[in-house]
$ cat entry.txt   # compact mmCIF, C-alpha atoms
# COMPACT_ATOMS: atom_id res chain seq x y z
CA MET A 439 0.00 0.00 0.00
CA GLU A 440 2.80 2.39 0.82
CA ALA A 441 4.56 1.45 -2.41
CA MET A 442 1.51 2.35 -4.39
CA GLU A 443 1.24 5.73 -2.68
CA ASP A 444 4.90 6.39 -3.45
CA ASP A 445 4.36 5.58 -7.09
CA SER A 446 1.28 7.78 -7.37
CA SER A 447 2.99 10.70 -5.71
CA ASP A 448 5.66 10.94 -8.40
CA VAL A 449 5.30 13.59 -11.06
CA LYS A 450 4.73 12.01 -14.43
CA ASP A 451 5.10 13.28 -17.94
CA ASP A 452 2.45 12.39 -20.53
CA HIS A 453 2.90 12.36 -24.30
CA ASN A 454 2.22 16.14 -24.51
CA HIS A 455 4.92 16.82 -21.94
CA ASN A 456 2.32 17.97 -19.42
CA TYR A 457 3.44 17.27 -15.91
CA ARG A 458 0.99 15.62 -13.59
CA ALA A 459 1.18 14.90 -9.88
CA SER A 460 -1.32 13.12 -7.75
CA GLY A 461 -0.19 14.57 -4.50
CA SER A 462 -1.51 18.00 -3.76
CA ASN A 463 1.63 19.07 -1.95
CA LYS A 464 3.91 17.98 -4.76
CA VAL A 465 1.75 19.74 -7.30
CA ARG A 466 1.86 22.98 -5.35
CA THR A 467 5.61 22.63 -4.92
CA TYR A 468 6.07 22.05 -8.64
CA LEU A 469 3.92 25.00 -9.69
CA SER A 470 5.73 27.30 -7.25
CA SER A 471 9.06 26.32 -8.75
CA GLN A 472 7.79 26.98 -12.27
CA LEU A 473 6.43 30.39 -11.32
CA SER A 474 9.70 31.35 -9.69
CA GLU A 475 11.56 30.47 -12.85
CA ILE A 476 9.17 32.57 -14.97
CA SER A 477 9.52 35.53 -12.62
CA THR A 478 13.27 35.56 -13.19
CA VAL A 479 12.80 36.10 -16.95
CA PRO A 480 12.61 39.84 -17.93
CA GLN A 481 9.03 40.85 -18.87
CA PRO A 482 7.87 43.87 -20.97
CA VAL A 483 6.70 46.80 -18.92
CA CYS A 484 2.98 47.64 -19.40
CA ALA A 485 1.17 50.61 -18.00
CA THR A 486 -1.38 49.83 -15.41
CA VAL A 487 -4.87 50.78 -16.54
CA PRO A 488 -7.88 50.89 -14.23
CA VAL A 489 -10.62 48.46 -14.94
CA GLY A 490 -13.20 51.06 -16.05
CA GLU A 491 -10.75 52.75 -18.40
CA ALA A 492 -9.76 49.42 -19.90
CA GLY A 493 -13.32 48.75 -20.97
CA THR A 494 -13.65 52.20 -22.42
CA ARG A 495 -10.43 51.85 -24.40
CA GLN A 496 -11.46 48.49 -25.76
CA GLY A 497 -14.70 50.03 -26.93
CA LYS A 498 -12.86 52.87 -28.64
CA LEU A 499 -10.42 50.54 -30.35
CA TRP A 500 -13.23 48.42 -31.70
CA SER A 501 -15.20 51.41 -32.94
CA GLY A 502 -12.10 52.78 -34.71
CA ALA A 503 -11.40 49.47 -36.39
CA THR A 504 -14.90 49.24 -37.78
CA GLY A 505 -15.10 52.82 -39.13
CA GLY A 506 -17.33 54.19 -36.40
CA SER A 507 -20.29 51.96 -37.24
CA LYS A 508 -20.16 49.41 -34.38
CA PHE A 509 -19.28 49.47 -30.70
CA MET A 510 -17.96 46.47 -28.70
CA ASP A 511 -18.91 46.33 -25.06
CA SER A 512 -15.81 45.40 -23.05
CA ASP A 513 -17.78 43.58 -20.36
CA THR A 514 -20.10 41.40 -22.41
CA GLY A 515 -18.29 41.31 -25.79
CA SER A 516 -21.55 42.03 -27.66
CA GLU A 517 -21.86 44.45 -30.61
CA SER A 518 -24.05 47.49 -30.34
CA SER A 519 -26.04 48.74 -33.34
CA GLU A 520 -25.75 52.35 -32.31
CA VAL A 521 -24.24 54.53 -35.03
CA SER A 522 -22.43 57.72 -34.36
CA GLU A 523 -24.77 60.52 -35.25
CA THR A 524 -21.98 62.80 -36.36
CA ASP A 525 -20.39 60.20 -38.66
CA SER A 526 -23.67 59.25 -40.33
CA THR A 527 -24.98 62.75 -40.97
CA ALA A 528 -21.75 64.41 -42.01
CA PRO A 529 -21.46 62.84 -45.56
CA GLY A 530 -25.12 63.53 -46.34
CA ALA A 531 -24.90 67.12 -45.20
CA ALA A 532 -21.71 67.61 -47.20
CA SER A 533 -23.26 66.15 -50.35
CA GLU A 534 -26.41 68.26 -49.97
CA GLY A 535 -24.30 71.37 -49.48
CA LYS A 536 -22.23 70.57 -52.54
CA PHE A 537 -25.36 69.96 -54.63
CA ALA A 538 -26.85 73.25 -53.51
CA LEU A 539 -23.60 75.03 -54.31
CA ASP A 540 -23.40 73.45 -57.78
CA SER A 541 -27.03 74.34 -58.52
CA THR A 542 -26.51 77.91 -57.41
CA SER A 543 -23.35 78.29 -59.47
CA LYS A 544 -25.04 76.85 -62.56
CA PHE A 545 -28.00 79.19 -62.10
CA LEU A 546 -25.71 82.20 -61.77
CA LEU A 547 -23.68 81.20 -64.82
CA ASN A 548 -26.86 80.71 -66.84
CA ALA A 549 -28.20 84.08 -65.71
CA MET A 550 -24.91 85.73 -66.66
CA ALA A 551 -24.99 84.06 -70.08
CA VAL A 552 -28.58 85.19 -70.74
CA GLU A 553 -27.70 88.72 -69.64
CA ASP A 554 -24.73 88.71 -72.00
CA TYR A 555 -27.02 87.55 -74.82
CA ARG A 556 -29.53 90.32 -74.08
CA LYS A 557 -26.91 93.07 -73.83
CA ASN A 558 -24.38 92.13 -76.49
CA HIS A 559 -25.45 89.47 -78.95
CA TRP A 560 -29.11 90.11 -79.75
CA PRO A 561 -28.90 93.94 -80.05
CA ASN A 562 -26.25 93.58 -82.76
CA LEU A 563 -28.27 90.91 -84.54
CA GLU A 564 -31.44 92.99 -84.27
CA LYS A 565 -29.79 95.96 -85.94
CA ALA A 566 -28.54 93.79 -88.79
CA VAL A 567 -31.96 92.17 -89.30
CA ASP A 568 -33.59 95.62 -89.35
CA ARG A 569 -31.27 96.77 -92.09
CA LEU A 570 -31.83 93.62 -94.11
CA LEU A 571 -35.61 93.84 -93.87
CA ILE A 572 -35.93 97.43 -95.07
CA GLN A 573 -33.45 97.22 -97.94
CA ASN A 574 -34.59 97.40 -101.54
CA PRO A 575 -33.42 94.69 -103.96
CA THR A 576 -31.34 97.24 -105.88
CA ASP A 577 -29.82 98.90 -102.79
CA HIS A 578 -26.46 97.99 -101.32
CA ILE A 579 -26.27 98.01 -97.53
CA SER A 580 -22.96 97.57 -95.77
CA VAL A 581 -23.56 94.68 -93.40
CA SER A 582 -20.83 92.46 -91.97
CA TYR A 583 -22.22 89.01 -92.71
CA ALA A 584 -19.20 87.42 -91.04
CA GLN A 585 -19.95 89.27 -87.81
CA ILE A 586 -23.62 88.29 -87.90
CA TYR A 587 -22.64 84.70 -88.59
CA SER A 588 -20.25 84.80 -85.62
CA TYR A 589 -22.95 86.14 -83.26
CA VAL A 590 -25.38 83.41 -84.35
CA TYR A 591 -22.71 80.74 -83.89
CA LYS A 592 -21.94 81.92 -80.34
CA CYS A 593 -25.62 82.05 -79.40
CA VAL A 594 -26.19 78.49 -80.59
CA CYS A 595 -23.06 77.21 -78.82
CA GLN A 596 -24.16 78.88 -75.55
CA GLN A 597 -27.54 77.10 -75.63
CA HIS A 598 -29.52 80.22 -76.59
CA SER A 599 -31.09 78.73 -79.74
CA GLU A 600 -34.65 78.93 -78.46
CA LEU A 601 -34.20 82.52 -77.32
CA LEU A 602 -32.65 83.49 -80.63
CA TYR A 603 -35.41 81.82 -82.65
CA ASN A 604 -38.16 83.49 -80.62
CA ASP A 605 -36.49 86.91 -80.85
CA LEU A 606 -35.96 86.55 -84.61
CA THR A 607 -39.55 85.54 -85.34
CA SER A 608 -40.90 88.24 -83.03
CA LYS A 609 -38.78 90.87 -84.76
CA ILE A 610 -39.91 89.82 -88.24
CA THR A 611 -43.53 89.53 -87.10
CA GLY A 612 -43.44 93.14 -85.88
CA HIS A 613 -42.00 94.25 -89.23
CA LEU A 614 -44.69 92.39 -91.18
CA GLN A 615 -47.43 93.96 -89.09
CA GLN A 616 -46.12 97.37 -90.12
CA VAL A 617 -46.09 96.25 -93.77
CA SER A 618 -49.69 95.09 -93.46
CA ALA A 619 -50.73 98.42 -91.98
CA HIS A 620 -49.00 100.24 -94.83
CA LEU A 621 -50.87 98.13 -97.40
CA GLN A 622 -54.14 98.77 -95.61
CA ALA A 623 -53.69 102.48 -96.21
CA SER A 624 -52.64 102.03 -99.83
CA PRO A 625 -55.07 103.21 -102.58
CA LEU A 626 -56.69 100.46 -104.66
CA GLU A 627 -55.16 101.63 -107.95
CA ASN A 628 -51.69 101.03 -106.51
CA PHE A 629 -52.52 98.06 -104.30
CA ILE A 630 -51.21 95.34 -106.64
CA GLU A 631 -47.97 97.21 -107.24
CA ASN A 632 -47.42 97.90 -103.54
CA PHE A 633 -48.16 94.30 -102.61
CA ASN A 634 -45.65 93.13 -105.19
CA ILE A 635 -43.00 95.50 -103.76
CA ALA A 636 -43.59 94.22 -100.24
CA LEU A 637 -43.43 90.57 -101.31
CA THR A 638 -40.35 91.05 -103.50
CA GLN A 639 -38.50 92.99 -100.83
CA TYR A 640 -39.29 90.39 -98.17
CA ILE A 641 -38.11 87.49 -100.34
CA ALA A 642 -34.90 89.37 -101.11
CA SER A 643 -34.34 89.93 -97.37
CA LEU A 644 -34.79 86.23 -96.64
CA GLN A 645 -32.07 85.43 -99.16
CA CYS A 646 -29.69 87.27 -96.82
CA ILE A 647 -31.20 86.38 -93.44
CA VAL A 648 -31.55 82.62 -93.87
CA PRO A 649 -27.88 81.93 -94.79
CA VAL A 650 -26.42 83.88 -91.83
CA PHE A 651 -28.74 82.02 -89.46
CA MET A 652 -27.64 78.69 -90.87
CA TYR A 653 -26.39 77.33 -87.53
CA LEU A 654 -29.71 78.12 -85.87
CA ASN A 655 -31.56 76.44 -88.71
CA LYS A 656 -29.39 73.32 -88.69
CA PHE A 657 -28.96 72.65 -84.99
CA TYR A 658 -32.31 73.84 -83.62
CA ILE A 659 -35.07 74.35 -86.19
CA GLU A 660 -34.32 71.27 -88.32
CA SER A 661 -33.09 68.96 -85.56
CA LYS A 662 -35.56 69.83 -82.77
CA LEU A 663 -38.55 71.46 -84.48
CA ASN A 664 -38.35 69.40 -87.69
CA ARG A 665 -38.98 72.50 -89.78
CA ASP A 666 -37.05 74.90 -92.01
CA LEU A 667 -36.24 78.53 -91.24
CA ARG A 668 -37.18 79.88 -94.66
CA GLU A 669 -40.52 78.06 -94.64
CA ASP A 670 -41.29 79.43 -91.17
CA LEU A 671 -40.48 83.00 -92.24
CA MET A 672 -42.53 82.70 -95.42
CA LYS A 673 -45.43 81.41 -93.34
CA LEU A 674 -45.16 84.58 -91.24
CA PHE A 675 -45.69 86.67 -94.39
CA ALA A 676 -48.68 84.55 -95.38
CA ASP A 677 -50.26 84.83 -91.92
CA HIS A 678 -49.66 88.51 -91.22
CA VAL A 679 -49.78 90.09 -94.69
CA ALA A 680 -51.16 87.99 -97.54
CA GLU A 681 -54.04 86.36 -95.67
CA LYS A 682 -55.30 89.72 -94.43
CA HIS A 683 -55.39 91.23 -97.94
CA VAL A 684 -56.13 88.30 -100.26
CA ASN A 685 -59.84 89.11 -100.46
CA THR A 686 -58.97 92.63 -101.60
CA LEU A 687 -56.23 91.47 -103.95
CA MET A 688 -58.12 88.77 -105.90
CA PRO A 689 -60.81 91.02 -107.50
CA LEU A 690 -58.15 93.53 -108.47
CA LEU A 691 -56.07 90.83 -110.14
CA ILE A 692 -59.05 89.43 -112.04
CA LYS A 693 -59.98 92.91 -113.23
CA ALA A 694 -56.40 93.74 -114.23
CA ARG A 695 -56.15 90.53 -116.27
CA SER A 696 -59.27 91.44 -118.23
CA MET A 697 -57.74 94.81 -119.11
CA PRO A 698 -54.37 94.23 -120.81
CA PHE A 699 -51.43 96.30 -119.63
CA GLU A 700 -53.36 97.99 -116.85
CA VAL A 701 -50.78 96.27 -114.66
CA GLN A 702 -47.38 95.21 -115.94
CA PRO A 703 -47.37 91.50 -116.95
CA SER A 704 -44.23 90.92 -114.87
CA THR A 705 -45.99 92.37 -111.82
CA MET A 706 -49.05 90.19 -112.41
CA ALA A 707 -46.92 87.08 -112.79
CA SER A 708 -44.89 87.90 -109.65
CA VAL A 709 -47.98 88.44 -107.49
CA VAL A 710 -49.90 85.39 -108.73
CA LYS A 711 -46.90 83.07 -108.40
CA GLY A 712 -46.10 84.54 -104.99
CA LEU A 713 -49.62 83.89 -103.74
CA TYR A 714 -49.49 80.33 -105.03
CA SER A 715 -46.16 79.70 -103.29
CA LEU A 716 -47.57 81.00 -100.00
CA ARG A 717 -50.84 79.07 -100.10
CA PRO A 718 -51.48 76.74 -103.08
CA GLU A 719 -55.13 76.44 -102.05
CA TRP A 720 -55.66 80.09 -102.98
CA ALA A 721 -55.61 79.02 -106.62
CA GLN A 722 -59.12 77.65 -106.15
CA LEU A 723 -60.38 81.19 -105.51
CA ALA A 724 -59.66 82.13 -109.15
CA PRO A 725 -58.66 79.07 -111.22
CA ASP A 726 -58.73 80.93 -114.55
CA LEU A 727 -56.42 83.62 -113.18
CA PHE A 728 -53.86 81.20 -111.75
CA SER A 729 -53.97 78.87 -114.78
CA GLY A 730 -52.70 81.74 -116.94
CA PHE A 731 -49.41 81.81 -114.98
CA ILE A 732 -49.07 78.39 -113.35
CA PRO A 733 -49.37 75.09 -115.24
CA GLN A 734 -51.66 72.24 -114.26
CA ILE A 735 -54.06 74.38 -112.25
CA ASN A 736 -57.07 73.35 -114.34
CA PRO A 737 -58.05 69.69 -114.57
CA PRO A 738 -56.47 67.71 -117.44
CA ALA A 739 -58.05 67.96 -120.88
CA VAL A 740 -60.43 65.25 -122.05
CA GLU A 741 -61.24 64.25 -125.60
CA SER A 742 -64.96 64.86 -125.27
CA LEU A 743 -64.35 68.60 -124.64
CA LEU A 744 -62.11 69.34 -127.65
CA GLN A 745 -64.84 71.34 -129.42
CA ASP A 746 -65.30 73.46 -126.32
CA TYR A 747 -61.57 74.13 -126.14
CA ALA A 748 -61.52 75.23 -129.80
CA ALA A 749 -64.48 77.55 -129.26
CA HIS A 750 -62.79 79.08 -126.22
CA ASP A 751 -59.63 79.78 -128.23
CA GLN A 752 -61.60 81.41 -131.06
CA LYS A 753 -63.39 83.61 -128.57
CA LEU A 754 -60.08 84.67 -127.04
CA GLN A 755 -58.69 85.57 -130.48
CA MET A 756 -61.75 87.66 -131.29
CA GLU A 757 -61.45 89.55 -127.99
CA LEU A 758 -57.78 90.28 -128.65
CA SER A 759 -58.47 91.55 -132.17
CA MET A 760 -61.30 93.77 -130.93
CA ASN A 761 -58.99 95.26 -128.30
CA GLY A 762 -56.44 96.34 -130.90
CA PHE A 763 -54.26 93.25 -131.22
CA PRO A 764 -54.29 92.34 -134.95
CA ARG A 765 -53.36 88.89 -136.06
CA GLY A 766 -50.57 90.30 -138.20
CA ASP A 767 -49.69 89.67 -141.85
CA GLN A 768 -51.50 86.54 -143.01
CA SER A 769 -50.37 86.71 -146.68
CA ARG A 770 -47.52 84.25 -146.24
CA LYS A 771 -49.68 81.75 -144.46
CA ARG A 772 -50.54 78.68 -146.50
CA ALA A 773 -54.15 78.71 -147.63
CA SER A 774 -56.34 76.07 -146.16
CA GLU A 775 -57.93 73.43 -148.39
CA ASP A 776 -61.42 74.65 -147.49
CA SER A 777 -60.88 78.15 -148.96

$ encode --input "entry.txt" --output "structure tokens"
Amino acid sequence: MEAMEDDSSDVKDDHNHNYRASGSNKVRTYLSSQLSEISTVPQPVCATVPVGEAGTRQGKLWSGATGGSKFMDSDTGSESSEVSETDSTAPGAASEGKFALDSTSKFLLNAMAVEDYRKNHWPNLEKAVDRLLIQNPTDHISVSYAQIYSYVYKCVCQQHSELLYNDLTSKITGHLQQVSAHLQASPLENFIENFNIALTQYIASLQCIVPVFMYLNKFYIESKLNRDLREDLMKLFADHVAEKHVNTLMPLLIKARSMPFEVQPSTMASVVKGLYSLRPEWAQLAPDLFSGFIPQINPPAVESLLQDYAAHDQKLQMELSMNGFPRGDQSRKRASEDS
């Protein structure tokens, strides 16, 4: 029995080199010796931290490692879902402030650009358009087309196409209203001639205005409005001038055609063709008048009406001869078989 106790009291080493002792005294003696050996080895010096501060520091270290989004409780080791109010609101406030600043700066820049357009670009263009609208076809007006072209190019590049188009059409509309008022006060005996002058002068002006506004026409009117600048400006003349006076003009034209040379043939042709180009449906108001200057106004001829056509031609020849237009020398004409 004593031998067994002696054997069990010895310190044994297992396969993991862990010392074991069955006797409580021997175990205490062995552990004391091991601790004394460890105490003799130099240890790194650490600052003593109170228990409360240690927990606080652990929490701060954990919150710093996770970018301020989580907090580790030093006592329980659990994660808290509380988010720092300053960290979460600061990026949003900064982005909102930046957006507001960008919007304000863009608004100010746009306002400055519009003010520059109103003070510098459009006044120069308006003066040039005025001079082009009032010029006569035979007059020579000194206008810098390169400068006008440059102003239009800058306006289109600075996103002022809509403003420029509205200002141009408003300017021309005001001019055409003055032309209409002038025609309204014109005496009837000169009405056809005055209308022809207004139409001819306006068409000549468009031949100068449309090319210098080419950039506006190409990059705004054609691309966004799907229209053409010249067609829009001709429509303005039809709406504000021709339509208001067509009912006065048609009877005068029919009367002038029945009285040869009361109005110059070139003037008659210019007015009739101009009206047809503005509104082709106006030809139905006086088909005989328009058919004398524009082909294919009347319906196509049919064989059953050939006798009527011949009678109409004979009647026209008789009217011309009665009005002093002889048929000329007929002696060299070959005699017909019926004579």

$ atom_distance --input "entry.txt" --atom1 "CA of Glu631 in chain A" --atom2 "CA of Ala619 in chain A"
15.6 Å

$ closest_residue --input "entry.txt" --among "A:Pro561, A:Gly762, A:Gly712, A:Gly730" --to "Ala680 in chain A" --atoms "all atoms listed in the file"
A:Gly712

$ residues_around --input "entry.txt" --residues "range 564-573 of chain A" --least-positions-apart "6" --cutoff "10 Å" --atoms "all atoms listed in the file" --output "list of chain:residue names"
A:Ile579, A:Ser580, A:Val581, A:Ser582, A:Tyr583, A:Gln585, A:Ile586, A:Asp605, A:Leu606, A:Lys609, A:Ile610, A:His613, A:Leu614, A:Ala636, A:Gln639, A:Tyr640, A:Ile641, A:Ala642, A:Ser643, A:Leu644, A:Gln645, A:Cys646, A:Ile647

$ atom_distance --input "entry.txt" --atom1 "CA of Ile732 in chain A" --atom2 "CA of Thr705 in chain A"
14.4 Å

$ atom_distance --input "entry.txt" --atom1 "CA of Arg717 in chain A" --atom2 "CA of Lys673 in chain A"
9.0 Å

$ closest_residue --input "entry.txt" --among "A:Ser696, A:Val684, A:His620, A:Asn628" --to "Leu754 in chain A" --atoms "all atoms listed in the file"
A:Ser696

$ residues_around --input "entry.txt" --residues "Ser618 in chain A" --least-positions-apart "2" --cutoff "8 Å" --atoms "all atoms listed in the file" --output "PDB file with C-alpha atoms, in the coordinates of the input"
ATOM      1  CA  LEU A 614     -44.690  92.390 -91.180  1.00  0.00           C
ATOM      2  CA  GLN A 615     -47.430  93.960 -89.090  1.00  0.00           C
ATOM      3  CA  GLN A 616     -46.120  97.370 -90.120  1.00  0.00           C
ATOM      4  CA  HIS A 620     -49.000 100.240 -94.830  1.00  0.00           C
ATOM      5  CA  LEU A 621     -50.870  98.130 -97.400  1.00  0.00           C
ATOM      6  CA  GLN A 622     -54.140  98.770 -95.610  1.00  0.00           C
ATOM      7  CA  HIS A 678     -49.660  88.510 -91.220  1.00  0.00           C
ATOM      8  CA  VAL A 679     -49.780  90.090 -94.690  1.00  0.00           C
ATOM      9  CA  LYS A 682     -55.300  89.720 -94.430  1.00  0.00           C
TER      10      LYS A 682
END

$ residues_around --input "entry.txt" --residues "Lys693 in chain A" --least-positions-apart "5" --cutoff "12 Å" --atoms "all atoms listed in the file" --output "list of chain:residue names"
A:Leu626, A:Glu627, A:Ile630, A:Thr686, A:Leu687, A:Met688, A:Pro698, A:Phe699, A:Glu700, A:Val701, A:Met706, A:Ala724, A:Leu727

$ residues_around --input "entry.txt" --residues "Ile659 in chain A" --least-positions-apart "6" --cutoff "12 Å" --atoms "all atoms listed in the file" --output "list in words"
Val594, Ser599, Glu600, Leu602, Tyr603, Asn604, Val648, Phe651, Met652, Tyr653, Arg665, Asp666, Leu667, Arg668, Glu669, Asp670 and Leu671 of chain A

$ closest_residue --input "entry.txt" --among "A:Val709, A:Val552, A:Asn761, A:Val590" --to "Leu690 in chain A" --atoms "only C-alpha atoms"
A:Val709

$ residues_around --input "entry.txt" --residues "Arg765 in chain A" --least-positions-apart "5" --cutoff "10 Å" --atoms "all atoms listed in the file" --output "list of chain:residue names"
A:Gln755, A:Met756, A:Leu758, A:Ser759
